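coords-v9.cif (mmCIF, C-alpha atoms) appears below.
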```
data_coords
loop_
_atom_site.label_atom_id
_atom_site.label_comp_id
_atom_site.auth_asym_id
_atom_site.auth_seq_id
_atom_site.Cartn_x
_atom_site.Cartn_y
_atom_site.Cartn_z
CA MET T 8 30.56 -27.02 23.61
CA VAL T 9 31.10 -23.36 22.63
CA ILE T 10 27.36 -22.93 21.94
CA LYS T 11 26.49 -24.43 25.33
CA ILE T 12 28.94 -22.13 27.15
CA MET T 13 27.60 -19.06 25.37
CA ARG T 14 24.04 -19.96 26.31
CA SER T 15 24.92 -20.31 29.99
CA GLU T 16 26.41 -16.81 29.87
CA GLU T 17 23.78 -15.16 27.65
CA LYS T 18 20.88 -16.44 29.77
CA LEU T 19 21.81 -13.71 32.28
CA GLY T 20 20.39 -11.17 29.84
CA THR T 21 17.48 -13.11 28.31
CA GLU T 22 15.95 -15.73 30.60
CA ARG T 23 12.79 -14.99 32.60
CA MET T 24 13.88 -13.24 35.80
CA GLY T 25 12.15 -15.47 38.35
CA LYS T 26 13.40 -18.69 36.78
CA LEU T 27 16.88 -17.20 36.33
CA MET T 28 17.14 -16.10 39.96
CA ILE T 29 16.09 -19.52 41.19
CA SER T 30 18.58 -21.29 38.93
CA MET T 31 21.38 -18.88 39.93
CA GLY T 32 20.53 -18.15 43.56
CA ILE T 33 19.49 -21.51 45.00
CA PRO T 34 22.71 -23.40 44.16
CA THR T 35 24.88 -20.66 45.69
CA LEU T 36 22.54 -20.48 48.69
CA VAL T 37 23.01 -24.22 49.20
CA ALA T 38 26.75 -23.85 48.60
CA GLN T 39 27.03 -21.16 51.27
CA LEU T 40 25.06 -23.25 53.75
CA ILE T 41 27.34 -26.18 53.03
CA ASN T 42 30.38 -23.92 53.40
CA LEU T 43 29.05 -22.85 56.78
CA LEU T 44 29.34 -26.47 57.88
CA TYR T 45 33.14 -26.16 57.73
CA ASN T 46 33.22 -24.24 60.99
CA LEU T 47 29.83 -25.12 62.46
CA VAL T 48 30.51 -28.86 62.37
CA ASP T 49 33.80 -28.22 64.19
CA ARG T 50 32.02 -26.18 66.85
CA MET T 51 29.20 -28.69 67.27
CA TYR T 52 31.57 -31.62 67.78
CA ILE T 53 33.91 -29.64 70.00
CA GLY T 54 31.13 -28.10 72.11
CA HIS T 55 29.43 -31.43 72.80
CA ILE T 56 32.46 -33.73 72.99
CA VAL T 57 35.37 -31.67 74.34
CA GLY T 58 33.49 -29.05 76.42
CA PRO T 59 32.62 -25.35 76.79
CA ASP T 60 36.22 -24.15 77.29
CA ALA T 61 37.23 -25.80 74.01
CA LEU T 62 34.20 -24.28 72.26
CA THR T 63 35.15 -20.84 73.55
CA GLY T 64 38.77 -21.32 72.48
CA VAL T 65 37.86 -22.36 68.95
CA GLY T 66 35.38 -19.49 68.81
CA LEU T 67 38.19 -17.06 69.50
CA THR T 68 39.95 -18.19 66.31
CA LEU T 69 36.99 -16.94 64.28
CA SER T 70 38.47 -13.46 64.15
CA VAL T 71 41.54 -14.86 62.35
CA ILE T 72 39.44 -17.08 60.08
CA MET T 73 37.22 -14.14 59.11
CA LEU T 74 40.24 -11.99 58.35
CA ILE T 75 41.74 -14.68 56.09
CA SER T 76 38.40 -14.96 54.29
CA ALA T 77 38.27 -11.19 53.95
CA PHE T 78 41.45 -11.16 51.87
CA SER T 79 39.99 -13.77 49.54
CA ALA T 80 36.84 -11.63 49.20
CA LEU T 81 39.03 -8.67 48.24
CA MET T 82 39.84 -10.45 44.97
CA GLY T 83 36.82 -12.71 44.55
CA ALA T 84 33.95 -10.39 45.40
CA GLY T 85 35.82 -7.52 43.78
CA GLY T 86 36.92 -9.34 40.63
CA ALA T 87 33.87 -11.47 39.78
CA PRO T 88 31.44 -8.54 39.21
CA LEU T 89 34.01 -6.78 37.01
CA ALA T 90 34.60 -10.00 35.07
CA ALA T 91 30.84 -10.39 34.62
CA ILE T 92 30.53 -6.79 33.40
CA ALA T 93 33.41 -7.40 30.96
CA MET T 94 31.69 -10.55 29.65
CA GLY T 95 28.46 -8.60 29.27
CA GLN T 96 30.40 -6.13 27.13
CA GLY T 97 31.94 -8.97 25.11
CA ASP T 98 35.48 -8.33 26.40
CA LYS T 99 36.65 -11.88 27.18
CA LYS T 100 40.33 -10.89 27.32
CA ARG T 101 39.76 -8.42 30.15
CA ALA T 102 37.64 -10.96 32.04
CA ALA T 103 40.40 -13.60 31.76
CA THR T 104 43.01 -11.07 32.89
CA ILE T 105 40.99 -10.26 36.00
CA LEU T 106 40.63 -13.94 36.89
CA SER T 107 44.27 -14.87 36.25
CA ASN T 108 45.61 -11.89 38.19
CA ALA T 109 43.31 -12.81 41.07
CA VAL T 110 44.98 -16.23 41.33
CA VAL T 111 48.43 -14.69 41.70
CA ILE T 112 47.38 -12.15 44.32
CA LEU T 113 45.45 -14.76 46.34
CA LEU T 114 48.55 -16.94 46.58
CA CYS T 115 50.62 -13.94 47.67
CA PHE T 116 48.05 -13.15 50.37
CA SER T 117 48.31 -16.76 51.58
CA VAL T 118 52.03 -16.57 52.25
CA ILE T 119 51.83 -13.21 54.01
CA LEU T 120 48.89 -14.21 56.23
CA MET T 121 50.50 -17.49 57.31
CA VAL T 122 53.76 -15.80 58.30
CA VAL T 123 52.07 -12.96 60.18
CA PHE T 124 49.64 -15.09 62.20
CA TYR T 125 52.18 -17.76 63.10
CA TYR T 126 54.30 -14.94 64.53
CA VAL T 127 51.57 -13.16 66.55
CA GLU T 128 49.34 -16.14 67.37
CA LYS T 129 49.68 -16.28 71.19
CA PRO T 130 49.61 -12.55 72.07
CA PHE T 131 46.80 -11.97 69.58
CA LEU T 132 44.59 -14.68 71.08
CA TYR T 133 45.11 -13.29 74.59
CA LEU T 134 44.38 -9.79 73.28
CA ILE T 135 40.98 -10.83 71.94
CA GLY T 136 39.80 -12.54 75.11
CA ALA T 137 41.60 -15.85 75.59
CA SER T 138 42.30 -16.99 79.13
CA ASP T 139 44.65 -19.61 80.54
CA ALA T 140 41.75 -22.07 80.35
CA THR T 141 40.81 -21.39 76.72
CA TYR T 142 44.14 -20.50 75.06
CA PRO T 143 45.48 -24.09 74.73
CA TYR T 144 42.44 -25.01 72.63
CA ALA T 145 42.56 -21.82 70.56
CA GLY T 146 46.29 -22.13 69.88
CA ASP T 147 46.10 -25.82 68.91
CA TYR T 148 43.27 -25.17 66.46
CA LEU T 149 44.74 -22.05 64.87
CA ARG T 150 48.27 -23.39 64.29
CA ILE T 151 46.92 -26.28 62.21
CA TYR T 152 44.19 -24.27 60.49
CA LEU T 153 46.77 -21.80 59.14
CA LEU T 154 48.33 -24.60 57.08
CA GLY T 155 45.24 -24.50 54.88
CA THR T 156 45.42 -20.77 54.17
CA PRO T 157 46.29 -21.18 50.44
CA PHE T 158 43.33 -23.49 49.98
CA VAL T 159 40.95 -21.08 51.73
CA GLN T 160 42.16 -18.21 49.57
CA LEU T 161 41.69 -20.12 46.32
CA VAL T 162 38.28 -21.60 47.14
CA ILE T 163 36.64 -18.46 48.51
CA GLY T 164 38.45 -16.13 46.14
CA LEU T 165 37.85 -18.05 42.89
CA ASN T 166 34.40 -19.56 43.42
CA PRO T 167 32.65 -16.23 42.60
CA PHE T 168 34.28 -16.35 39.15
CA ILE T 169 32.55 -19.68 38.54
CA THR T 170 29.20 -18.20 39.55
CA ALA T 171 29.84 -15.18 37.31
CA GLN T 172 29.80 -17.55 34.32
CA GLY T 173 26.30 -18.75 35.17
CA LYS T 174 27.76 -21.99 36.60
CA SER T 175 26.26 -21.75 40.07
CA ARG T 176 25.80 -25.52 40.36
CA THR T 177 29.50 -26.06 39.71
CA ALA T 178 30.30 -23.47 42.38
CA MET T 179 27.99 -25.32 44.75
CA ALA T 180 29.75 -28.60 44.01
CA SER T 181 33.14 -27.15 44.96
CA VAL T 182 31.84 -26.29 48.41
CA LEU T 183 29.87 -29.53 48.76
CA ILE T 184 33.01 -31.60 48.19
CA GLY T 185 34.84 -29.86 51.02
CA ALA T 186 31.88 -30.04 53.40
CA VAL T 187 31.40 -33.78 52.85
CA PHE T 188 35.10 -34.37 53.54
CA ASN T 189 34.84 -32.28 56.72
CA ILE T 190 31.74 -34.05 58.02
CA ILE T 191 33.37 -37.44 57.47
CA LEU T 192 36.82 -36.56 58.79
CA ASP T 193 35.77 -34.57 61.89
CA PRO T 194 34.52 -37.53 63.97
CA ILE T 195 37.42 -39.70 62.75
CA PHE T 196 40.11 -37.24 63.85
CA ILE T 197 38.32 -35.95 66.97
CA MET T 198 36.98 -39.22 68.42
CA VAL T 199 38.71 -42.16 66.75
CA PHE T 200 42.22 -40.65 66.77
CA GLN T 201 41.50 -38.70 69.99
CA MET T 202 42.98 -35.48 68.53
CA GLY T 203 40.40 -33.07 69.98
CA VAL T 204 40.47 -29.56 68.53
CA ARG T 205 43.61 -30.38 66.54
CA GLY T 206 41.66 -33.11 64.77
CA ALA T 207 38.89 -30.66 63.90
CA ALA T 208 41.42 -28.25 62.43
CA LEU T 209 43.17 -30.99 60.45
CA ALA T 210 39.85 -32.19 59.02
CA THR T 211 39.13 -28.64 57.87
CA VAL T 212 42.52 -28.32 56.14
CA PHE T 213 42.04 -31.56 54.18
CA SER T 214 38.52 -30.48 53.22
CA GLN T 215 39.66 -27.11 51.96
CA CYS T 216 42.38 -28.79 49.91
CA ALA T 217 39.80 -30.99 48.18
CA SER T 218 37.65 -27.96 47.32
CA ALA T 219 40.63 -26.01 45.99
CA ILE T 220 41.59 -28.85 43.65
CA TRP T 221 38.04 -28.92 42.26
CA VAL T 222 37.94 -25.14 41.67
CA LEU T 223 41.31 -25.05 39.92
CA HIS T 224 40.42 -28.05 37.76
CA PHE T 225 37.22 -26.40 36.55
CA LEU T 226 38.78 -23.00 35.87
CA THR T 227 41.47 -24.61 33.71
CA SER T 228 39.08 -26.95 31.85
CA LYS T 229 37.15 -26.60 28.60
CA LYS T 230 33.86 -26.57 30.54
CA ALA T 231 34.51 -23.01 31.70
CA SER T 232 33.82 -19.99 29.51
CA LEU T 233 36.28 -17.99 31.64
CA HIS T 234 39.67 -19.65 32.20
CA ILE T 235 42.85 -19.14 34.19
CA GLN T 236 45.31 -18.42 31.36
CA LYS T 237 49.09 -18.55 31.67
CA GLU T 238 49.64 -15.49 29.48
CA TYR T 239 47.55 -13.34 31.84
CA LEU T 240 49.15 -14.43 35.14
CA LYS T 241 51.64 -11.56 35.08
CA PRO T 242 50.24 -8.91 37.45
CA GLN T 243 48.69 -5.89 35.76
CA TRP T 244 48.48 -3.34 38.53
CA ARG T 245 45.75 -1.26 36.95
CA VAL T 246 43.52 -4.33 36.75
CA ILE T 247 44.40 -5.35 40.30
CA GLY T 248 43.74 -1.81 41.49
CA ASN T 249 40.28 -1.80 39.91
CA VAL T 250 39.46 -5.16 41.45
CA MET T 251 40.61 -4.08 44.90
CA SER T 252 38.75 -0.78 44.70
CA LEU T 253 35.51 -2.71 44.29
CA GLY T 254 36.54 -5.59 46.55
CA ILE T 255 37.50 -3.25 49.38
CA SER T 256 33.84 -3.08 50.41
CA PRO T 257 33.33 -6.83 51.07
CA PHE T 258 36.88 -6.95 52.43
CA ILE T 259 36.05 -4.33 55.01
CA MET T 260 32.73 -6.00 55.78
CA GLN T 261 34.51 -9.25 56.58
CA SER T 262 37.68 -7.86 58.14
CA THR T 263 35.67 -5.60 60.42
CA GLU T 264 33.80 -8.72 61.53
CA SER T 265 37.22 -9.79 62.79
CA LEU T 266 37.72 -6.40 64.43
CA ILE T 267 34.32 -6.65 66.06
CA ALA T 268 35.11 -10.13 67.33
CA VAL T 269 38.19 -8.63 69.01
CA ILE T 270 36.25 -5.72 70.54
CA LEU T 271 33.30 -7.81 71.69
CA SER T 272 35.35 -10.72 73.03
CA SER T 273 37.71 -8.49 75.01
CA GLY T 274 34.76 -6.49 76.39
CA LEU T 275 32.83 -9.61 77.37
CA GLN T 276 35.93 -11.05 79.06
CA LYS T 277 36.43 -7.82 81.01
CA TYR T 278 32.83 -7.35 82.14
CA GLY T 279 31.57 -10.93 82.22
CA GLY T 280 34.27 -13.63 81.93
CA ASP T 281 34.72 -16.84 79.94
CA ILE T 282 31.03 -17.80 79.96
CA TYR T 283 30.06 -14.60 78.15
CA VAL T 284 32.91 -14.98 75.66
CA GLY T 285 31.54 -18.47 75.05
CA SER T 286 28.07 -17.03 74.45
CA LEU T 287 29.54 -14.85 71.69
CA THR T 288 30.87 -17.94 69.90
CA ILE T 289 27.35 -19.34 69.83
CA LEU T 290 25.72 -16.01 68.92
CA GLN T 291 28.11 -15.47 66.02
CA SER T 292 27.34 -19.00 64.83
CA ILE T 293 23.61 -18.31 65.03
CA MET T 294 24.04 -15.02 63.17
CA GLN T 295 25.86 -16.93 60.45
CA LEU T 296 22.89 -19.28 60.22
CA VAL T 297 20.66 -16.25 59.62
CA ASN T 298 22.96 -14.38 57.24
CA THR T 299 24.31 -17.25 55.19
CA PRO T 300 21.15 -18.17 53.23
CA ILE T 301 20.70 -14.49 52.34
CA SER T 302 24.33 -13.84 51.39
CA GLY T 303 24.42 -17.09 49.44
CA PHE T 304 21.37 -16.16 47.38
CA THR T 305 22.58 -12.61 46.72
CA GLN T 306 26.01 -13.87 45.69
CA GLY T 307 24.32 -16.14 43.16
CA VAL T 308 22.10 -13.48 41.62
CA GLN T 309 24.61 -10.61 41.71
CA PRO T 310 26.02 -11.57 38.26
CA ILE T 311 22.54 -10.91 36.85
CA LEU T 312 22.84 -7.28 37.97
CA SER T 313 26.42 -6.97 36.72
CA TYR T 314 25.86 -8.60 33.32
CA ASN T 315 22.73 -6.58 32.51
CA TYR T 316 24.31 -3.38 33.77
CA GLY T 317 27.26 -4.01 31.47
CA ALA T 318 24.88 -4.79 28.60
CA GLY T 319 22.87 -1.59 29.20
CA ASN T 320 19.64 -3.44 30.03
CA THR T 321 18.24 -1.04 32.64
CA ALA T 322 14.80 -2.65 32.86
CA ARG T 323 16.24 -6.01 33.91
CA VAL T 324 18.55 -4.34 36.42
CA LYS T 325 15.55 -2.66 38.08
CA GLN T 326 13.56 -5.87 38.08
CA ALA T 327 16.46 -7.77 39.63
CA TYR T 328 17.21 -5.37 42.50
CA ARG T 329 13.54 -5.05 43.44
CA ILE T 330 13.26 -8.81 43.86
CA ILE T 331 16.59 -9.04 45.68
CA ILE T 332 15.79 -6.36 48.26
CA SER T 333 12.29 -7.73 48.89
CA LEU T 334 13.62 -11.24 49.49
CA THR T 335 16.56 -10.26 51.70
CA THR T 336 14.33 -8.07 53.88
CA GLY T 337 11.63 -10.72 54.33
CA VAL T 338 13.91 -13.67 54.93
CA SER T 339 16.12 -11.78 57.38
CA PHE T 340 13.06 -10.77 59.42
CA LEU T 341 11.63 -14.30 59.62
CA LEU T 342 14.90 -16.06 60.44
CA THR T 343 15.83 -13.50 63.09
CA LEU T 344 12.38 -13.73 64.66
CA SER T 345 12.79 -17.50 65.02
CA VAL T 346 16.06 -16.97 66.92
CA MET T 347 14.52 -14.40 69.23
CA LEU T 348 11.59 -16.71 70.01
CA PHE T 349 13.62 -19.93 70.46
CA PRO T 350 17.19 -18.97 71.49
CA GLY T 351 17.70 -22.03 73.66
CA MET T 352 16.94 -24.37 70.78
CA TYR T 353 19.64 -22.73 68.68
CA ALA T 354 22.12 -22.76 71.59
CA MET T 355 21.69 -26.51 72.08
CA ILE T 356 23.04 -27.08 68.56
CA PHE T 357 26.47 -26.11 69.89
CA THR T 358 26.52 -27.06 73.57
CA ASP T 359 24.79 -29.08 76.26
CA ASP T 360 26.21 -26.91 79.06
CA VAL T 361 23.18 -25.67 81.03
CA ILE T 362 24.82 -22.45 82.24
CA LEU T 363 25.99 -21.44 78.76
CA ILE T 364 22.58 -22.20 77.26
CA GLY T 365 20.98 -20.02 79.94
CA VAL T 366 23.25 -17.08 79.09
CA VAL T 367 22.44 -17.41 75.37
CA GLU T 368 18.70 -17.50 76.12
CA LYS T 369 19.09 -14.27 78.05
CA VAL T 370 21.19 -12.29 75.57
CA ALA T 371 20.23 -13.62 72.11
CA PRO T 372 16.95 -11.66 71.73
CA ILE T 373 18.85 -8.44 72.44
CA PHE T 374 21.89 -9.26 70.31
CA MET T 375 19.82 -10.33 67.30
CA ALA T 376 17.04 -7.69 67.34
CA GLY T 377 18.71 -5.36 64.84
CA MET T 378 18.86 -8.18 62.29
CA LEU T 379 15.06 -7.99 61.95
CA ILE T 380 15.54 -5.21 59.39
CA PHE T 381 19.15 -5.78 58.37
CA GLY T 382 18.03 -7.53 55.20
CA ILE T 383 17.46 -4.04 53.78
CA GLN T 384 21.19 -3.34 53.91
CA MET T 385 22.11 -6.76 52.53
CA GLY T 386 19.88 -6.24 49.48
CA CYS T 387 21.00 -2.67 48.83
CA GLN T 388 24.66 -3.56 49.37
CA THR T 389 24.36 -6.38 46.83
CA THR T 390 22.94 -3.92 44.29
CA PHE T 391 25.72 -1.40 44.85
CA MET T 392 28.29 -4.17 44.40
CA GLY T 393 26.57 -5.56 41.30
CA LEU T 394 26.62 -2.13 39.65
CA GLY T 395 30.32 -1.66 40.40
CA GLN T 396 29.77 1.22 42.84
CA ALA T 397 32.93 0.88 44.91
CA LYS T 398 32.75 4.16 46.86
CA ILE T 399 29.16 3.73 48.05
CA SER T 400 29.79 0.08 48.89
CA LEU T 401 32.87 1.06 50.89
CA PHE T 402 30.96 3.63 52.91
CA MET T 403 28.18 1.17 53.71
CA ALA T 404 30.70 -1.47 54.72
CA LEU T 405 32.39 0.97 57.10
CA LEU T 406 29.14 2.34 58.45
CA ARG T 407 27.79 -0.64 60.34
CA LYS T 408 30.94 -1.95 61.96
CA VAL T 409 33.55 0.80 62.10
CA PHE T 410 31.42 3.94 62.46
CA LEU T 411 28.66 2.45 64.62
CA LEU T 412 29.37 -0.87 66.33
CA VAL T 413 32.97 -0.27 67.42
CA PRO T 414 32.17 3.02 69.20
CA PHE T 415 28.93 1.63 70.64
CA ALA T 416 30.67 -1.51 71.98
CA VAL T 417 33.36 0.58 73.66
CA ILE T 418 31.22 3.47 74.94
CA PHE T 419 28.05 1.72 76.15
CA PRO T 420 29.74 -0.40 78.87
CA LEU T 421 31.76 2.62 80.04
CA PHE T 422 28.52 4.30 81.05
CA THR T 423 26.74 1.25 82.42
CA GLY T 424 29.54 -1.03 83.62
CA ASN T 425 27.21 -3.85 82.61
CA VAL T 426 28.06 -6.71 80.27
CA MET T 427 24.56 -6.54 78.74
CA SER T 428 25.32 -3.16 77.16
CA ILE T 429 27.71 -4.90 74.74
CA TYR T 430 24.84 -6.97 73.36
CA TYR T 431 22.71 -3.82 73.01
CA ALA T 432 25.53 -2.22 70.99
CA GLU T 433 25.20 -4.90 68.27
CA CYS T 434 21.44 -4.46 68.09
CA CYS T 435 21.57 -0.66 67.78
CA ALA T 436 24.35 -0.67 65.17
CA ASP T 437 22.60 -3.23 62.93
CA ALA T 438 19.26 -1.43 62.95
CA LEU T 439 20.69 2.06 62.41
CA ALA T 440 22.97 0.89 59.59
CA ALA T 441 20.06 -0.78 57.77
CA MET T 442 17.95 2.37 57.93
CA ILE T 443 20.76 4.60 56.65
CA CYS T 444 21.68 2.21 53.82
CA GLY T 445 18.08 1.95 52.68
CA THR T 446 17.74 5.74 52.65
CA VAL T 447 20.94 6.20 50.63
CA PHE T 448 19.82 3.58 48.10
CA LEU T 449 16.46 5.31 47.58
CA TYR T 450 18.29 8.56 46.93
CA TYR T 451 20.92 7.17 44.52
CA ARG T 452 19.14 4.39 42.62
CA LYS T 453 18.02 6.48 39.62
CA LYS T 454 21.36 8.27 39.34
CA LEU T 455 23.24 4.97 39.27
CA LEU T 456 21.36 3.68 36.26
CA CYS T 457 21.80 6.98 34.41
CA ARG T 458 25.62 6.76 34.71
CA GLN T 459 26.02 3.89 32.26
#
```
Written form, structure tokens:
Amino acid sequence: MVIKIMRSEEKLGTERMGKLMISMGIPTLVAQLINLLYNLVDRMYIGHIVGPDALTGVGLTLSVIMLISAFSALMGAGGAPLAAIAMGQGDKKRAATILSNAVVILLCFSVILMVVFYYVEKPFLYLIGASDATYPYAGDYLRIYLLGTPFVQLVIGLNPFITAQGKSRTAMASVLIGAVFNIILDPIFIMVFQMGVRGAALATVFSQCASAIWVLHFLTSKKASLHIQKEYLKPQWRVIGNVMSLGISPFIMQSTESLIAVILSSGLQKYGGDIYVGSLTILQSIMQLVNTPISGFTQGVQPILSYNYGAGNTARVKQAYRIIISLTTGVSFLLTLSVMLFPGMYAMIFTDDVILIGVVEKVAPIFMAGMLIFGIQMGCQTTFMGLGQAKISLFMALLRKVFLLVPFAVIFPLFTGNVMSIYYAECCADALAAMICGTVFLYYRKKLLCRQ
């Protein structure tokens, strides 16, 4: 058993790169696609069975869901690369400390987030664009969804530590279990028990619970080379600080998605009304369909960068990031192009409302255009994260959403008074951020490898 575990870890530094990336990247890609089903299945059932107001209401809760996920990424995406680097250096104790401390902090986040959002639920939903027609659906969904916050934190926050051990298939299985539960339970609760959006939320909570049990079982079993260990559960603030300093980049990337949802939804409600807020729910779902395969693959192969960087194997680091950036750029372009050419087909996944489909067909090519080249940023950002470059990753995370999209989304409609300018803001911010990130990476790439 020990020999088998060591081989799964050591293959990160020895196995042929193409074969290694396929074995590491494809399972996490599949896992991320399956994870996407958690929310997409809810939206598909709700949009077709309950109606467009319910779809819009549930879509408004995405800003809260993304923020909850962002806190899990703070520890997971921040801790897993550092644990992988520590394993590459042969420091198993430090790796176990990082993992065990992450568990404690994730559970603390769960309690805080539940209390805060139960308290501000109604005013927050109205702030981000809810109306009297859509709030009842949004409130019903969110109040039940919040019950599963501890499960969300543990699954999303700890799964990267499984991948960091070279166990990407196990990480995929944890997500697959939850998705299967969700697909089965959604129609039972929504249609059989006639629970509507509350049934969709309840199905999601049960599904997340099943995934969390799987993750915890693996990370405390003999099959893992990196375990949750009781003696390391006591918080070590230096370790937590290091994890958060690296995890702040993906945290900001995800939490600013929540901020953007607030800005865009409130702007669309002001300049367009419920139908345009509903279009954003569908557009965000479509964007997830484009981004998820890419982010899933990069999450799977990021430990290759981290392990070889920790081991001082510069040649393999270079080989890995060249492949990653090429793939993210090409796949992002092709998937985005398909959306721009066939927006109505994608919209019909979530609704059969003719008016809403027509709005999506009109705005999707504009909203998505910047994603044609955004794969450049996704590949470069993955490399910065894999090499433990917290400051650069933080800047790039802030650049797209905080420095570009927020001002654009506020300023553009002030000058035009037109709801369409909000969709142009997304396009411009995505394209400009990708170009800047690519330029910065070209400038810094040699210096990064010389800092080992």
May I have the residues within 8 Å of T:Met260 as a ChimeraX atom specification, using only C-alpha atoms and disregarding those fewer than 6 positions away in the same chain? /T:77,404-405,408
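With distances taken over all atoms listed in the file, T:Met375 is the one residue among T:Ala186, T:Ile135, T:Met375, T:Ile255 lying closest to T:Thr343.
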Report the residues retrieved by the PyMOL selection byres ((chain T and resi 62) around 12) from the displayed file, expressed as a tab-separated table (two decimals) with C-alpha atoms, in the coordinates of the input.
```tsv
chain	number	residue	atom	x	y	z
T	46	ASN	CA	33.22	-24.24	60.99
T	47	LEU	CA	29.83	-25.12	62.46
T	48	VAL	CA	30.51	-28.86	62.37
T	49	ASP	CA	33.80	-28.22	64.19
T	50	ARG	CA	32.02	-26.18	66.85
T	51	MET	CA	29.20	-28.69	67.27
T	52	TYR	CA	31.57	-31.62	67.78
T	53	ILE	CA	33.91	-29.64	70.00
T	54	GLY	CA	31.13	-28.10	72.11
T	55	HIS	CA	29.43	-31.43	72.80
T	56	ILE	CA	32.46	-33.73	72.99
T	57	VAL	CA	35.37	-31.67	74.34
T	58	GLY	CA	33.49	-29.05	76.42
T	59	PRO	CA	32.62	-25.35	76.79
T	60	ASP	CA	36.22	-24.15	77.29
T	61	ALA	CA	37.23	-25.80	74.01
T	63	THR	CA	35.15	-20.84	73.55
T	64	GLY	CA	38.77	-21.32	72.48
T	65	VAL	CA	37.86	-22.36	68.95
T	66	GLY	CA	35.38	-19.49	68.81
T	67	LEU	CA	38.19	-17.06	69.50
T	68	THR	CA	39.95	-18.19	66.31
T	69	LEU	CA	36.99	-16.94	64.28
T	137	ALA	CA	41.60	-15.85	75.59
T	140	ALA	CA	41.75	-22.07	80.35
T	141	THR	CA	40.81	-21.39	76.72
T	142	TYR	CA	44.14	-20.50	75.06
T	143	PRO	CA	45.48	-24.09	74.73
T	144	TYR	CA	42.44	-25.01	72.63
T	145	ALA	CA	42.56	-21.82	70.56
T	148	TYR	CA	43.27	-25.17	66.46
T	203	GLY	CA	40.40	-33.07	69.98
T	204	VAL	CA	40.47	-29.56	68.53
T	207	ALA	CA	38.89	-30.66	63.90
T	281	ASP	CA	34.72	-16.84	79.94
T	282	ILE	CA	31.03	-17.80	79.96
T	284	VAL	CA	32.91	-14.98	75.66
T	285	GLY	CA	31.54	-18.47	75.05
T	286	SER	CA	28.07	-17.03	74.45
T	287	LEU	CA	29.54	-14.85	71.69
T	288	THR	CA	30.87	-17.94	69.90
T	289	ILE	CA	27.35	-19.34	69.83
T	292	SER	CA	27.34	-19.00	64.83
T	357	PHE	CA	26.47	-26.11	69.89
T	358	THR	CA	26.52	-27.06	73.57
T	359	ASP	CA	24.79	-29.08	76.26
T	360	ASP	CA	26.21	-26.91	79.06
T	363	LEU	CA	25.99	-21.44	78.76
```
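Of the residues listed (T:Arg329, T:Arg150, T:Arg323, T:Lys100), T:Lys100 shows the shortest atom-to-atom separation from T:Gln236; distances use all atoms listed in the file.
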Starting from the PyMOL selection byres ((chain T and resi 263) around 12), expand the selection into actual residues of this file and give them as an MDAnalysis selection string. chainID T and resid 70:71 73:78 255:262 264:271 401 404:413
Quick one: stretch 229-236 of chain T with N, CA, C and O atoms, as a CSV table (one decimal), in the frame of the given file?
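result_5.csv, freshly written:
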```csv
chain,number,residue,atom,x,y,z
T,229,LYS,N,37.9,-27.1,29.7
T,229,LYS,CA,37.2,-26.6,28.6
T,229,LYS,C,35.7,-26.3,29.0
T,229,LYS,O,35.0,-25.7,28.2
T,230,LYS,N,35.2,-26.8,30.1
T,230,LYS,CA,33.9,-26.6,30.5
T,230,LYS,C,33.6,-25.1,30.9
T,230,LYS,O,32.5,-24.7,31.0
T,231,ALA,N,34.7,-24.4,31.3
T,231,ALA,CA,34.5,-23.0,31.7
T,231,ALA,C,34.6,-22.1,30.5
T,231,ALA,O,35.3,-22.3,29.5
T,232,SER,N,33.7,-21.0,30.5
T,232,SER,CA,33.8,-20.0,29.5
T,232,SER,C,34.8,-18.9,29.9
T,232,SER,O,35.3,-18.1,29.0
T,233,LEU,N,35.3,-18.9,31.1
T,233,LEU,CA,36.3,-18.0,31.6
T,233,LEU,C,37.4,-18.8,32.3
T,233,LEU,O,37.1,-19.6,33.3
T,234,HIS,N,38.6,-18.8,31.8
T,234,HIS,CA,39.7,-19.6,32.2
T,234,HIS,C,40.8,-18.9,32.9
T,234,HIS,O,41.0,-17.7,32.6
T,235,ILE,N,41.5,-19.6,33.7
T,235,ILE,CA,42.8,-19.1,34.2
T,235,ILE,C,43.8,-19.4,33.0
T,235,ILE,O,44.0,-20.5,32.6
T,236,GLN,N,44.4,-18.3,32.5
T,236,GLN,CA,45.3,-18.4,31.4
T,236,GLN,C,46.7,-18.0,31.7
T,236,GLN,O,46.9,-16.9,32.3
```
